[in-house]
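start_31.csv (CSV, C-alpha atoms)
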chain,number,residue,atom,x,y,z
Y,1,MET,CA,-31.2,80.4,218.2
Y,2,ALA,CA,-32.8,83.8,218.8
Y,3,GLU,CA,-35.6,84.2,221.2
Y,4,SER,CA,-39.1,84.2,219.8
Y,5,PRO,CA,-40.8,87.6,219.8
Y,6,PHE,CA,-44.2,86.0,220.1
Y,7,LYS,CA,-46.2,84.9,223.2
Y,8,GLU,CA,-45.9,81.3,224.0
Y,9,ASP,CA,-49.7,80.6,223.8
Y,10,ILE,CA,-50.6,82.5,220.7
Y,11,LEU,CA,-51.6,79.2,219.0
Y,12,LYS,CA,-53.2,77.6,222.0
Y,13,GLY,CA,-55.9,75.2,221.0
Y,14,LYS,CA,-54.9,75.1,217.3
Y,15,VAL,CA,-54.0,72.0,215.3
Y,16,ALA,CA,-51.4,72.2,212.5
Y,17,LEU,CA,-50.7,69.7,209.7
Y,18,ILE,CA,-47.2,70.1,208.1
Y,19,THR,CA,-46.3,68.1,205.0
Y,20,GLY,CA,-42.5,67.4,204.8
Y,21,GLY,CA,-42.3,68.4,208.4
Y,22,GLY,CA,-39.9,65.6,209.5
Y,23,SER,CA,-36.7,67.5,208.8
Y,24,GLY,CA,-35.2,70.8,207.7
Y,25,ILE,CA,-37.4,73.9,207.4
Y,26,GLY,CA,-40.5,71.8,207.8
Y,27,TYR,CA,-39.4,70.4,211.2
Y,28,GLU,CA,-38.4,73.9,212.5
Y,29,ILE,CA,-41.9,75.2,211.6
Y,30,CYS,CA,-43.4,72.2,213.5
Y,31,ALA,CA,-41.3,72.9,216.5
Y,32,GLN,CA,-42.0,76.7,216.6
Y,33,LEU,CA,-45.8,76.3,216.0
Y,34,GLY,CA,-45.7,73.6,218.8
Y,35,ARG,CA,-43.7,75.8,221.1
Y,36,HIS,CA,-46.4,78.5,220.8
Y,37,GLY,CA,-49.3,76.2,221.7
Y,38,ALA,CA,-50.3,74.2,218.6
Y,39,SER,CA,-50.7,70.5,218.4
Y,40,ILE,CA,-48.7,69.1,215.5
Y,41,VAL,CA,-49.3,66.5,212.8
Y,42,ILE,CA,-46.4,65.7,210.5
Y,43,MET,CA,-47.0,64.0,207.1
Y,44,GLY,CA,-44.1,62.4,205.4
Y,45,ARG,CA,-43.0,59.4,203.4
Y,46,ARG,CA,-40.1,58.1,205.6
Y,47,LYS,CA,-41.2,56.4,208.8
Y,48,PRO,CA,-37.8,56.6,210.6
Y,49,VAL,CA,-37.7,60.4,209.9
Y,50,LEU,CA,-41.3,60.8,211.2
Y,51,GLN,CA,-40.6,58.8,214.3
Y,52,SER,CA,-37.4,60.8,215.1
Y,53,ALA,CA,-39.2,64.1,214.5
Y,54,VAL,CA,-42.2,63.2,216.7
Y,55,ALA,CA,-39.9,62.0,219.5
Y,56,ALA,CA,-38.0,65.4,219.3
Y,57,LEU,CA,-41.3,67.3,219.6
Y,58,HIS,CA,-42.5,65.1,222.5
Y,59,SER,CA,-39.2,65.9,224.3
Y,60,LEU,CA,-40.2,69.6,224.0
Y,61,GLY,CA,-43.6,68.8,225.5
Y,62,ILE,CA,-45.4,69.3,222.2
Y,63,PRO,CA,-48.4,67.1,221.4
Y,64,ALA,CA,-47.5,65.5,218.0
Y,65,ILE,CA,-48.1,62.6,215.8
Y,66,GLY,CA,-46.4,61.4,212.6
Y,67,LEU,CA,-48.4,60.0,209.7
Y,68,GLU,CA,-47.0,58.2,206.6
Y,69,GLY,CA,-48.3,59.6,203.3
Y,70,ASP,CA,-47.3,60.9,199.9
Y,71,VAL,CA,-48.7,64.3,198.9
Y,72,ARG,CA,-48.8,63.1,195.3
Y,73,LYS,CA,-51.5,60.6,196.2
Y,74,ARG,CA,-55.0,61.9,196.8
Y,75,ASP,CA,-55.9,58.8,198.9
Y,76,ASP,CA,-53.0,59.5,201.2
Y,77,ALA,CA,-54.1,63.1,201.6
Y,78,VAL,CA,-57.6,62.0,202.5
Y,79,LYS,CA,-56.3,59.4,205.0
Y,80,ILE,CA,-53.9,61.8,206.7
Y,81,LEU,CA,-56.6,64.5,207.1
Y,82,GLU,CA,-59.1,62.0,208.5
Y,83,SER,CA,-56.5,60.7,210.9
Y,84,THR,CA,-55.8,64.3,212.0
Y,85,ILE,CA,-59.4,65.0,212.8
Y,86,SER,CA,-59.8,61.6,214.5
Y,87,HIS,CA,-56.8,62.2,216.7
Y,88,PHE,CA,-57.0,66.0,217.5
Y,89,GLY,CA,-60.6,66.7,216.6
Y,90,ARG,CA,-59.9,69.7,214.3
Y,91,LEU,CA,-57.6,71.3,211.7
Y,92,ASP,CA,-56.7,75.0,211.8
Y,93,ILE,CA,-53.4,75.3,210.0
Y,94,LEU,CA,-52.0,73.6,206.9
Y,95,VAL,CA,-48.4,74.1,205.9
Y,96,ASN,CA,-47.3,72.6,202.6
Y,97,ALA,CA,-43.6,72.1,203.0
Y,98,ALA,CA,-43.0,68.9,201.1
Y,99,ALA,CA,-40.8,69.5,198.1
Y,100,GLY,CA,-38.3,68.0,195.7
Y,101,ASN,CA,-35.1,69.6,194.4
Y,102,PHE,CA,-31.8,68.6,192.7
Y,103,LEU,CA,-29.4,70.4,190.4
Y,104,VAL,CA,-29.6,69.5,186.7
Y,105,ALA,CA,-29.1,71.3,183.4
Y,106,ALA,CA,-32.3,71.7,181.5
Y,107,GLU,CA,-31.0,69.7,178.5
Y,108,GLU,CA,-30.2,66.7,180.8
Y,109,LEU,CA,-33.4,66.7,182.7
Y,110,SER,CA,-35.9,64.0,181.6
Y,111,PRO,CA,-39.6,64.8,181.3
Y,112,LYS,CA,-40.1,62.2,184.1
Y,113,GLY,CA,-37.8,64.1,186.4
Y,114,PHE,CA,-39.5,67.4,185.6
Y,115,GLN,CA,-42.9,65.8,186.2
Y,116,THR,CA,-41.8,64.3,189.6
Y,117,VAL,CA,-41.0,67.7,191.0
Y,118,ILE,CA,-44.1,69.3,189.6
Y,119,ASP,CA,-46.2,66.5,191.1
Y,120,ILE,CA,-44.6,66.9,194.6
Y,121,ASP,CA,-44.5,70.7,194.8
Y,122,SER,CA,-47.4,71.9,192.7
Y,123,VAL,CA,-49.9,69.1,192.4
Y,124,GLY,CA,-49.1,67.9,196.0
Y,125,THR,CA,-49.8,71.5,197.3
Y,126,PHE,CA,-53.1,71.7,195.5
Y,127,THR,CA,-54.2,68.2,196.5
Y,128,MET,CA,-53.5,68.9,200.2
Y,129,CYS,CA,-55.3,72.3,200.1
Y,130,HIS,CA,-58.2,70.8,198.2
Y,131,GLU,CA,-58.8,67.9,200.6
Y,132,ALA,CA,-58.2,70.1,203.7
Y,133,LEU,CA,-60.8,72.6,202.6
Y,134,LYS,CA,-63.8,71.0,204.3
Y,135,TYR,CA,-62.0,71.1,207.6
Y,136,LEU,CA,-60.3,74.4,207.3
Y,137,LYS,CA,-63.4,76.4,206.3
Y,138,LYS,CA,-65.0,75.5,209.6
Y,139,GLY,CA,-62.0,76.7,211.6
Y,140,GLY,CA,-61.6,73.2,213.0
Y,141,GLN,CA,-64.2,70.7,214.1
Y,142,GLY,CA,-65.6,69.7,217.4
Y,143,LYS,CA,-67.7,71.4,220.2
Y,144,ASP,CA,-64.9,73.8,221.1
Y,145,GLN,CA,-64.2,75.0,217.5
Y,146,LEU,CA,-62.7,78.4,217.1
Y,147,SER,CA,-64.5,81.1,215.1
Y,148,GLY,CA,-63.4,81.9,211.5
Y,149,GLY,CA,-61.7,79.8,208.9
Y,150,GLY,CA,-58.2,78.2,209.0
Y,151,THR,CA,-55.0,79.3,207.4
Y,152,ILE,CA,-52.7,77.8,204.8
Y,153,ILE,CA,-49.0,78.4,204.1
Y,154,ASN,CA,-47.4,77.2,200.9
Y,155,ILE,CA,-43.6,77.1,201.0
Y,156,SER,CA,-42.3,78.5,197.7
Y,157,ALA,CA,-38.9,79.9,196.5
Y,158,THR,CA,-37.4,82.9,194.7
Y,159,LEU,CA,-35.9,80.9,191.9
Y,160,HIS,CA,-38.5,81.9,189.3
Y,161,TYR,CA,-38.5,85.7,190.1
Y,162,THR,CA,-35.8,86.0,187.5
Y,163,ALA,CA,-34.1,82.8,186.4
Y,164,THR,CA,-31.9,80.2,188.2
Y,165,TRP,CA,-29.3,78.0,186.7
Y,166,TYR,CA,-30.0,74.2,186.7
Y,167,GLN,CA,-33.3,74.4,188.5
Y,168,ILE,CA,-35.9,74.7,185.7
Y,169,HIS,CA,-38.1,72.0,187.3
Y,170,VAL,CA,-38.2,73.6,190.7
Y,171,SER,CA,-38.6,77.1,189.3
Y,172,ALA,CA,-41.6,76.0,187.3
Y,173,ALA,CA,-43.1,74.2,190.2
Y,174,LYS,CA,-42.8,77.1,192.6
Y,175,ALA,CA,-44.2,79.5,190.1
Y,176,ALA,CA,-47.3,77.3,190.0
Y,177,VAL,CA,-47.3,77.2,193.8
Y,178,ASP,CA,-47.4,81.0,193.9
Y,179,SER,CA,-50.3,81.1,191.5
Y,180,ILE,CA,-52.2,78.5,193.6
Y,181,THR,CA,-51.6,80.7,196.7
Y,182,ARG,CA,-53.0,83.8,195.1
Y,183,THR,CA,-56.0,82.1,193.6
Y,184,LEU,CA,-57.0,80.2,196.7
Y,185,ALA,CA,-56.5,83.4,198.7
Y,186,LEU,CA,-59.0,85.1,196.5
Y,187,GLU,CA,-61.6,82.4,196.3
Y,188,TRP,CA,-61.4,80.9,199.8
Y,189,GLY,CA,-60.7,84.2,201.5
Y,190,THR,CA,-63.9,85.5,200.1
Y,191,ASP,CA,-66.0,82.4,200.5
Y,192,TYR,CA,-64.7,80.9,203.8
Y,193,ASP,CA,-62.5,83.4,205.6
Y,194,ILE,CA,-59.5,81.2,204.9
Y,195,ARG,CA,-56.2,83.0,204.6
Y,196,VAL,CA,-53.7,81.5,202.1
Y,197,ASN,CA,-50.1,82.8,202.0
Y,198,GLY,CA,-46.7,81.6,201.0
Y,199,ILE,CA,-43.1,81.9,202.2
Y,200,ALA,CA,-40.2,82.1,199.8
Y,201,PRO,CA,-37.1,81.2,201.7
Y,202,GLY,CA,-33.7,82.3,200.5
Y,203,PRO,CA,-30.4,80.4,201.2
Y,204,ILE,CA,-30.9,78.7,204.6
Y,205,GLY,CA,-27.5,77.6,205.8
Y,206,ASP,CA,-28.5,75.2,208.7
Y,207,THR,CA,-30.3,72.6,206.5
Y,208,ALA,CA,-28.9,69.3,205.3
Y,209,GLY,CA,-30.2,69.8,201.8
Y,210,PHE,CA,-28.6,73.2,201.3
Y,211,SER,CA,-25.0,71.9,201.0
Y,212,LYS,CA,-26.2,69.5,198.2
Y,213,LEU,CA,-26.9,72.4,195.9
Y,214,ALA,CA,-23.4,73.9,195.7
Y,215,PRO,CA,-19.9,73.4,197.0
Y,216,GLU,CA,-19.0,75.3,200.2
Y,217,GLU,CA,-16.6,77.6,198.5
Y,218,ILE,CA,-19.2,78.7,195.9
Y,219,LEU,CA,-21.7,79.3,198.7
Y,220,ARG,CA,-19.2,81.4,200.6
Y,221,GLU,CA,-18.5,83.5,197.5
Y,222,ALA,CA,-22.2,84.0,196.9
Y,223,THR,CA,-22.8,85.1,200.4
Y,224,GLU,CA,-20.3,87.9,200.0
Y,225,LYS,CA,-22.5,89.4,197.3
Y,226,MET,CA,-25.7,89.2,199.3
Y,227,PRO,CA,-27.1,92.5,200.8
Y,228,LEU,CA,-26.9,91.1,204.4
Y,229,TYR,CA,-23.7,89.1,203.8
Y,230,LYS,CA,-25.1,86.0,205.6
Y,231,LEU,CA,-27.2,83.0,205.1
Y,232,GLY,CA,-30.6,82.6,206.8
Y,233,GLU,CA,-31.6,80.1,209.4
Y,234,LYS,CA,-34.5,77.7,209.7
Y,235,TRP,CA,-35.7,79.9,212.6
Y,236,ASP,CA,-36.2,82.8,210.3
Y,237,ILE,CA,-38.6,80.9,208.1
Y,238,ALA,CA,-40.4,79.4,211.2
Y,239,MET,CA,-40.9,82.9,212.6
Y,240,ALA,CA,-42.4,84.1,209.3
Y,241,ALA,CA,-44.8,81.1,209.4
Y,242,LEU,CA,-45.7,81.9,213.0
Y,243,TYR,CA,-46.5,85.5,212.0
Y,244,LEU,CA,-48.7,84.4,209.1
Y,245,VAL,CA,-50.8,81.9,211.0
Y,246,SER,CA,-51.2,84.0,214.1
Y,247,ASN,CA,-53.5,87.0,214.7
Y,248,ALA,CA,-50.5,89.2,214.0
Y,249,GLY,CA,-51.0,88.4,210.3
Y,250,LYS,CA,-54.8,88.4,210.3
Y,251,TYR,CA,-55.0,90.9,207.5
Y,252,VAL,CA,-52.4,89.3,205.3
Y,253,ASN,CA,-53.8,87.2,202.5
Y,254,GLY,CA,-52.5,86.1,199.1
Y,255,THR,CA,-49.0,87.2,199.8
Y,256,THR,CA,-45.8,85.2,199.3
Y,257,LEU,CA,-43.5,86.6,201.9
Y,258,VAL,CA,-39.8,86.6,200.7
Y,259,VAL,CA,-37.5,85.7,203.6
Y,260,ASP,CA,-34.1,85.8,202.0
Y,261,GLY,CA,-32.2,88.9,203.3
Y,262,GLY,CA,-32.6,90.5,199.9
Y,263,GLU,CA,-30.6,87.8,198.1
Y,264,TRP,CA,-32.8,87.6,195.0
Y,265,LEU,CA,-32.2,91.3,194.4
Y,266,SER,CA,-28.4,90.7,194.5
Y,267,LYS,CA,-26.2,91.8,191.6
Y,268,PRO,CA,-22.4,91.9,191.4
Y,269,ARG,CA,-21.0,95.3,192.5
Y,270,HIS,CA,-19.1,96.3,189.3
Y,271,LEU,CA,-17.6,99.4,191.0
Y,272,PRO,CA,-16.7,100.0,194.6
Y,273,LYS,CA,-18.4,103.0,196.3
Y,274,ASP,CA,-15.2,105.1,196.2
Y,275,ALA,CA,-14.9,104.6,192.5
Y,276,VAL,CA,-18.5,105.6,192.0
Y,277,LYS,CA,-17.9,108.8,193.9
Y,278,GLN,CA,-14.8,109.6,191.8
Y,279,LEU,CA,-16.6,108.9,188.6
Y,280,SER,CA,-19.5,111.2,189.6
Y,281,ARG,CA,-17.0,114.0,190.3
Y,282,VAL,CA,-15.4,113.6,186.9
Y,283,VAL,CA,-18.8,113.6,185.1
Y,284,GLU,CA,-19.9,116.7,187.1
Y,285,LYS,CA,-16.7,118.5,186.2
Y,286,ARG,CA,-17.1,117.7,182.5
Y,287,THR,CA,-20.6,119.0,182.6
Y,288,LYS,CA,-19.5,122.3,184.2
Y,289,ASP,CA,-16.7,122.7,181.8
Y,290,ALA,CA,-19.0,122.1,178.8
Y,291,LEU,CA,-21.4,124.8,180.1
Y,292,VAL,CA,-18.7,127.5,180.5
Y,293,GLY,CA,-19.4,130.4,178.1
Y,294,VAL,CA,-22.9,129.2,177.3
Y,295,PRO,CA,-25.4,132.1,177.7
Y,296,LYS,CA,-27.9,131.6,180.5
Y,297,SER,CA,-30.8,132.2,178.1
Y,298,LYS,CA,-29.8,129.0,176.3
Y,299,LEU,CA,-29.6,126.8,179.4
Represent the supplied structure as structure tokens.
Amino acid sequence: MAESPFKEDILKGKVALITGGGSGIGYEICAQLGRHGASIVIMGRRKPVLQSAVAALHSLGIPAIGLEGDVRKRDDAVKILESTISHFGRLDILVNAAAGNFLVAAEELSPKGFQTVIDIDSVGTFTMCHEALKYLKKGGQGKDQLSGGGTIINISATLHYTATWYQIHVSAAKAAVDSITRTLALEWGTDYDIRVNGIAPGPIGDTAGFSKLAPEEILREATEKMPLYKLGEKWDIAMAALYLVSNAGKYVNGTTLVVDGGEWLSKPRHLPKDAVKQLSRVVEKRTKDALVGVPKSKL
């Protein structure tokens, strides 16, 4: 793991709530925000995962609690936020990382399956933002509250920037998440000084879920076509989150930061560079030959 470029105390006194923070990218964001001074609240549906994640954070000396809840249920969102305030006295950062994903052809995806992912990714993101507003717009609660509003990060994806095979449900859900991010940034940035941004991760190799989306040999072949010829790491996404919630990103609002090494721009290279040079020379020679004998007045 690379060394953080940020000071260890840049989030000192802050409290962060991360949905889906028990594993994968969500946990790494918890760990890095905690390493840089924040107290951490993890919201998730699986108690053993929560317990394991909290224990790991405690071993790093990070104040943390885990709370069971489902982002699809408003009552759970309300309960988790109230417990956060009760335990830590404030809320400064909300990271919506809870998500659902699986590969399926559109014709084989049931409306219920489509709805499930929309409910987790899109509705869940809005629900958490909506219920957290009264805490975030005060920049935390308590006698030692910090000035200004809080910050929100919504974890998105690049799937919907063009089109992605067998992920119509996730693509639609993340397109909605990006729209939520921009609209809340406009309204809440203006009214409450709350910054709302997103992060769109590319292929992150050190996650358990990544290997479920494609066989290893296909992933290796795809990597060879990426601009940086490598997969990302959870650390890359956590550093992006740290930037966005810290003062380093204080003038960034309504942006979904793509952290994918340029992968979504990738297209197969149909001709090697040497062949392109040779082709250019041939075209140039043909052009010159065609112009031989043509009067300059007609050029």
- Distance CA of Tyr166 (chain Y)-CA of Pro201 (chain Y), one decimal place? 18.0 Å
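Atom pair CA of His36 (chain Y) / CA of Lys12 (chain Y): separated by 7.0 Å.
Nearest to Ser110 (chain Y) of all the residues Y:Ser86, Y:Ile168, Y:Pro5, Y:Asp206 is Y:Ile168, counting only C-alpha atoms.
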- Could you tell me how far CA of Trp188 (chain Y) lies from CA of Val15 (chain Y), in Å and to one decimal?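 Computed distance, CA of Trp188 (chain Y) to CA of Val15 (chain Y), equals 19.3 Å.
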- Give me the residues within 9 Å of Val78 (chain Y) as a list in words, counting all atoms listed in the file and dropping any in the same chain fewer than 5 places off.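 Contacts, in chain order: Lys73, Ser83, Met128, Glu131 and Ala132 of chain Y.
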- Query: Nearest to Glu28 (chain Y) among Y:Ala173, Y:Leu186, Y:Ala77, Y:Ile42, with distances taken over all atoms listed in the file: which residue is it?
  - Reply: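 Answer, going by the shortest atom-to-atom distance: Y:Ile42.
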- Residue among Y:Ala200, Y:Val104, Y:Leu136, Y:Ala97 lying closest to Asp236 (chain Y), counting all atoms listed in the file: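 With all atoms listed in the file as the atom set, the closest residue is Y:Ala200.
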- Would you be able to write out as a list of chain:residue names which residues have an atom within 7 Å of (-47.4, 68.3, 204.8) in the file's coordinates, counting only C-alpha atoms?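 Within the cut-off we find Y:Leu17, Y:Ile18, Y:Thr19, Y:Gly20, Y:Gly21, Y:Ile42, Y:Met43, Y:Gly44, Y:Val95, Y:Asn96, Y:Ala97, Y:Ala98.
Nearest-residue note for Glu8 (chain Y): choosing from Y:Leu242, Y:Leu257, Y:Ile155, Y:Ala185, the minimum distance belongs to Y:Leu242, counting all atoms listed in the file.
Of the listed residues (Y:Gln278, Y:Ser39, Y:Gln51, Y:Thr256), Y:Ser39 comes nearest to His87 (chain Y); the distances count only C-alpha atoms.
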- Query: Residues at most 12 Å from region 159-165 of chain Y, counting all atoms listed in the file, excluding those fewer than 5 positions away in the same chain, as a ChimeraX atom specification?
  - Reply: /Y:101-107,170-178,200-203,213-214,256,258,260,263-267
- Choose the residue, out of Y:Thr183, Y:Gln115, Y:Thr190, Y:Asn197, that has the smallest atom-to-atom separation from Leu94 (chain Y); count all atoms listed in the file. Y:Asn197
